[in-house]
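What follows is a single structure, written as structure tokens, with notes after it.
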Amino acid sequence: MQFTFTMYISFEDFLPYYRGYVKNVEVRDVRGKLLHINGKYFRPFVTTSGIQGQFVLQLDTSGKFISLNKI
């Protein structure tokens, strides 16, 4: 399964996720599906400005995480 979404969050707003205080980031994919993604998967994409851009989330057939890539 593959889901595409756009994310814009400031560095300060993402800190609770980065530090693990808040576990899941809630996003809506381009088809309107609401997704809850563990914040740890976004850590490689954090800059001093936060996280900005379009992403593709890939899950296996049972819904387990495979990858998250910025496109």
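In the structure tokens, chains take letters A, B, ... by order of appearance, with residues numbered from 1 within each chain and ligands from 1 in the order shown.
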Residues near A:Gly63, anyone? I mean within 10 Å using only C-alpha atoms, not counting same-chain ones fewer than 4 positions away, as a compact mmCIF listing (two decimals) with all heavy atoms, in the first residue's frame.
```txt
# COMPACT_ATOMS: atom_id res chain seq x y z
N MET A 1 0.84 -1.17 0.00
CA MET A 1 0.00 0.00 0.00
C MET A 1 0.89 1.23 0.00
O MET A 1 1.93 1.25 0.64
CB MET A 1 -0.89 0.02 1.23
CG MET A 1 -1.91 -1.10 1.27
SD MET A 1 -3.01 -0.97 2.70
CE MET A 1 -1.94 -1.66 3.96
N GLN A 58 5.00 3.87 2.48
CA GLN A 58 4.73 2.52 1.97
C GLN A 58 4.53 1.58 3.15
O GLN A 58 5.34 1.56 4.08
CB GLN A 58 5.86 2.03 1.09
CG GLN A 58 5.95 2.80 -0.21
CD GLN A 58 6.98 2.21 -1.16
OE1 GLN A 58 8.07 1.87 -0.76
NE2 GLN A 58 6.60 2.11 -2.42
N LEU A 59 3.44 0.80 3.07
CA LEU A 59 3.12 -0.21 4.08
C LEU A 59 2.98 -1.55 3.40
O LEU A 59 2.62 -1.63 2.22
CB LEU A 59 1.79 0.14 4.77
CG LEU A 59 1.68 1.53 5.39
CD1 LEU A 59 0.26 1.74 5.93
CD2 LEU A 59 2.70 1.72 6.50
```
Could you tell me, as a ChimeraX atom specification, which residues of chain A DSSP assigns to helix (DSSP H, G or I) when given the backbone? /A:11-18,39-45
Considering only C-alpha atoms, state which residue in the set A:Ser49, A:Asn69, A:Gln2, A:Asn38 is at the smallest distance from A:Tyr18.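 Smallest separation from A:Tyr18 among the options: A:Asn38.
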Closest of A:Leu57, A:Ser67, A:Ile37, A:Val25 to A:Ile9, counting only C-alpha atoms, is A:Val25
Which residues, written as a ChimeraX atom specification, have at least one atom at most 12 Å from A:Arg19, with only C-alpha atoms counted and residues fewer than 3 positions away on the same chain left out? /A:11-16,22-24,38-40,42-43
Please produce a file of those selected residues containing all heavy atoms, as a compact mmCIF listing (two decimals), in the first residue's frame.
```txt
# COMPACT_ATOMS: atom_id res chain seq x y z
N PHE A 11 9.73 23.52 13.19
CA PHE A 11 10.64 22.78 14.07
C PHE A 11 10.08 22.73 15.49
O PHE A 11 10.06 21.67 16.12
CB PHE A 11 12.02 23.46 14.06
CG PHE A 11 13.02 22.78 14.93
CD1 PHE A 11 13.67 21.63 14.51
CD2 PHE A 11 13.31 23.28 16.19
CE1 PHE A 11 14.59 21.00 15.32
CE2 PHE A 11 14.24 22.66 17.01
CZ PHE A 11 14.88 21.51 16.57
N GLU A 12 9.60 23.86 15.99
CA GLU A 12 9.08 23.93 17.35
C GLU A 12 7.85 23.05 17.52
O GLU A 12 7.69 22.38 18.54
CB GLU A 12 8.73 25.38 17.73
CG GLU A 12 9.94 26.27 17.88
CD GLU A 12 10.49 26.78 16.54
OE1 GLU A 12 9.76 26.74 15.52
OE2 GLU A 12 11.66 27.18 16.50
N ASP A 13 6.96 23.05 16.52
CA ASP A 13 5.75 22.23 16.60
C ASP A 13 6.06 20.74 16.51
O ASP A 13 5.30 19.92 17.02
CB ASP A 13 4.75 22.62 15.51
CG ASP A 13 4.10 23.96 15.77
OD1 ASP A 13 4.12 24.44 16.93
OD2 ASP A 13 3.54 24.54 14.80
N PHE A 14 7.16 20.39 15.85
CA PHE A 14 7.50 18.97 15.72
C PHE A 14 8.29 18.43 16.92
O PHE A 14 8.39 17.21 17.10
CB PHE A 14 8.29 18.71 14.42
CG PHE A 14 8.45 17.25 14.14
CD1 PHE A 14 7.38 16.49 13.70
CD2 PHE A 14 9.66 16.61 14.35
CE1 PHE A 14 7.51 15.13 13.47
CE2 PHE A 14 9.81 15.25 14.11
CZ PHE A 14 8.72 14.51 13.67
N LEU A 15 8.85 19.29 17.76
CA LEU A 15 9.68 18.84 18.87
C LEU A 15 9.04 17.77 19.76
O LEU A 15 9.71 16.79 20.11
CB LEU A 15 10.13 20.02 19.73
CG LEU A 15 11.39 20.73 19.25
CD1 LEU A 15 11.68 21.93 20.14
CD2 LEU A 15 12.58 19.80 19.20
N PRO A 16 7.77 17.87 20.14
CA PRO A 16 7.18 16.80 20.97
C PRO A 16 7.21 15.43 20.29
O PRO A 16 7.38 14.41 20.95
CB PRO A 16 5.75 17.26 21.20
CG PRO A 16 5.78 18.74 20.97
CD PRO A 16 6.85 18.97 19.94
N VAL A 22 5.01 12.80 22.10
CA VAL A 22 3.80 12.50 21.34
C VAL A 22 4.20 11.47 20.29
O VAL A 22 5.19 11.66 19.58
CB VAL A 22 3.22 13.76 20.66
CG1 VAL A 22 1.97 13.42 19.87
CG2 VAL A 22 2.93 14.84 21.69
N LYS A 23 3.46 10.38 20.20
CA LYS A 23 3.90 9.27 19.36
C LYS A 23 3.54 9.44 17.88
O LYS A 23 4.41 9.33 17.02
CB LYS A 23 3.32 7.97 19.89
CG LYS A 23 3.83 6.75 19.16
CD LYS A 23 3.33 5.48 19.79
CE LYS A 23 3.86 4.29 19.02
NZ LYS A 23 3.46 3.03 19.59
N ASN A 24 2.28 9.66 17.58
CA ASN A 24 1.83 9.62 16.19
C ASN A 24 1.54 10.98 15.60
O ASN A 24 0.91 11.83 16.22
CB ASN A 24 0.58 8.75 16.05
CG ASN A 24 0.87 7.30 16.30
OD1 ASN A 24 1.91 6.79 15.89
ND2 ASN A 24 -0.02 6.62 16.99
N ASN A 38 4.04 7.05 13.13
CA ASN A 38 4.94 7.25 14.25
C ASN A 38 5.93 8.36 13.91
O ASN A 38 6.57 8.34 12.86
CB ASN A 38 5.68 5.95 14.57
CG ASN A 38 6.41 6.01 15.88
OD1 ASN A 38 7.19 6.92 16.14
ND2 ASN A 38 6.17 5.03 16.73
N GLY A 39 6.05 9.33 14.81
CA GLY A 39 6.92 10.49 14.59
C GLY A 39 8.37 10.14 14.36
O GLY A 39 9.10 10.89 13.70
N LYS A 40 8.82 8.99 14.85
CA LYS A 40 10.23 8.62 14.68
C LYS A 40 10.62 8.48 13.21
O LYS A 40 11.76 8.67 12.85
CB LYS A 40 10.55 7.33 15.45
CG LYS A 40 9.92 6.08 14.87
CD LYS A 40 10.26 4.86 15.69
CE LYS A 40 9.64 3.61 15.11
NZ LYS A 40 9.93 2.44 15.93
N PHE A 42 9.88 10.42 10.84
CA PHE A 42 10.11 11.74 10.25
C PHE A 42 11.44 12.35 10.67
O PHE A 42 11.86 13.35 10.11
CB PHE A 42 8.98 12.70 10.63
CG PHE A 42 7.68 12.37 9.95
CD1 PHE A 42 6.71 11.62 10.60
CD2 PHE A 42 7.43 12.81 8.66
CE1 PHE A 42 5.51 11.33 9.98
CE2 PHE A 42 6.24 12.52 8.02
CZ PHE A 42 5.27 11.77 8.69
N ARG A 43 12.12 11.78 11.63
CA ARG A 43 13.36 12.36 12.15
C ARG A 43 14.39 12.67 11.06
O ARG A 43 15.03 13.71 11.10
CB ARG A 43 13.96 11.47 13.23
CG ARG A 43 13.20 11.55 14.52
CD ARG A 43 13.81 10.68 15.58
NE ARG A 43 13.00 10.73 16.79
CZ ARG A 43 13.03 9.82 17.72
NH1 ARG A 43 13.84 8.77 17.60
NH2 ARG A 43 12.27 9.93 18.78
```
Near-A:Val27 list (12 Å; only C-alpha atoms; drop same-chain fewer than 2 positions) as a ChimeraX atom specification: /A:3-9,24-25,29-39,54-57
Let's have the selection written as a short mmCIF file (atom, residue, chain, number, x, y, z; two decimals), in the first residue's frame, with N, CA and C atoms.
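selection.cif was written with the following content:
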```cif
data_model
loop_
_atom_site.label_atom_id
_atom_site.label_comp_id
_atom_site.auth_asym_id
_atom_site.auth_seq_id
_atom_site.Cartn_x
_atom_site.Cartn_y
_atom_site.Cartn_z
N PHE A 3 0.79 5.63 0.17
CA PHE A 3 0.02 6.83 0.49
C PHE A 3 0.91 8.05 0.26
N THR A 4 0.37 9.06 -0.40
CA THR A 4 1.11 10.29 -0.67
C THR A 4 0.44 11.42 0.10
N PHE A 5 1.26 12.25 0.73
CA PHE A 5 0.72 13.38 1.50
C PHE A 5 1.74 14.50 1.55
N THR A 6 1.26 15.69 1.87
CA THR A 6 2.09 16.86 2.05
C THR A 6 2.12 17.21 3.52
N MET A 7 3.30 17.62 3.99
CA MET A 7 3.44 17.96 5.40
C MET A 7 4.24 19.24 5.55
N TYR A 8 3.69 20.15 6.34
CA TYR A 8 4.37 21.39 6.70
C TYR A 8 4.21 21.57 8.20
N ILE A 9 5.29 21.46 8.93
CA ILE A 9 5.25 21.64 10.38
C ILE A 9 6.56 22.32 10.80
N ASN A 24 2.28 9.66 17.58
CA ASN A 24 1.83 9.62 16.19
C ASN A 24 1.54 10.98 15.60
N VAL A 25 2.00 11.16 14.37
CA VAL A 25 1.70 12.35 13.57
C VAL A 25 0.46 12.01 12.75
N ASP A 29 -3.83 11.84 3.49
CA ASP A 29 -3.22 11.61 2.18
C ASP A 29 -4.02 12.33 1.09
N VAL A 30 -3.49 12.32 -0.13
CA VAL A 30 -4.10 13.06 -1.23
C VAL A 30 -5.51 12.56 -1.57
N ARG A 31 -5.84 11.34 -1.17
CA ARG A 31 -7.18 10.79 -1.44
C ARG A 31 -8.12 10.99 -0.26
N GLY A 32 -7.63 11.66 0.79
CA GLY A 32 -8.49 11.95 1.93
C GLY A 32 -8.42 10.98 3.09
N LYS A 33 -7.60 9.96 2.99
CA LYS A 33 -7.47 8.96 4.06
C LYS A 33 -6.64 9.53 5.21
N LEU A 34 -7.16 9.40 6.43
CA LEU A 34 -6.46 9.87 7.61
C LEU A 34 -5.44 8.81 8.05
N LEU A 35 -4.18 9.24 8.22
CA LEU A 35 -3.09 8.34 8.59
C LEU A 35 -2.49 8.76 9.92
N HIS A 36 -2.09 7.79 10.72
CA HIS A 36 -1.37 8.05 11.97
C HIS A 36 -0.01 7.38 11.82
N ILE A 37 1.05 8.21 11.76
CA ILE A 37 2.40 7.72 11.48
C ILE A 37 3.28 8.04 12.68
N ASN A 38 4.04 7.05 13.13
CA ASN A 38 4.94 7.25 14.25
C ASN A 38 5.93 8.36 13.91
N GLY A 39 6.05 9.33 14.81
CA GLY A 39 6.92 10.49 14.59
C GLY A 39 8.37 10.14 14.36
N GLN A 54 6.47 16.93 0.21
CA GLN A 54 5.56 15.85 -0.12
C GLN A 54 6.26 14.52 0.16
N PHE A 55 5.50 13.57 0.70
CA PHE A 55 6.05 12.29 1.13
C PHE A 55 5.24 11.13 0.59
N VAL A 56 5.91 9.98 0.50
CA VAL A 56 5.25 8.73 0.14
C VAL A 56 5.51 7.73 1.26
N LEU A 57 4.43 7.22 1.84
CA LEU A 57 4.49 6.20 2.87
C LEU A 57 4.16 4.86 2.24
#
```
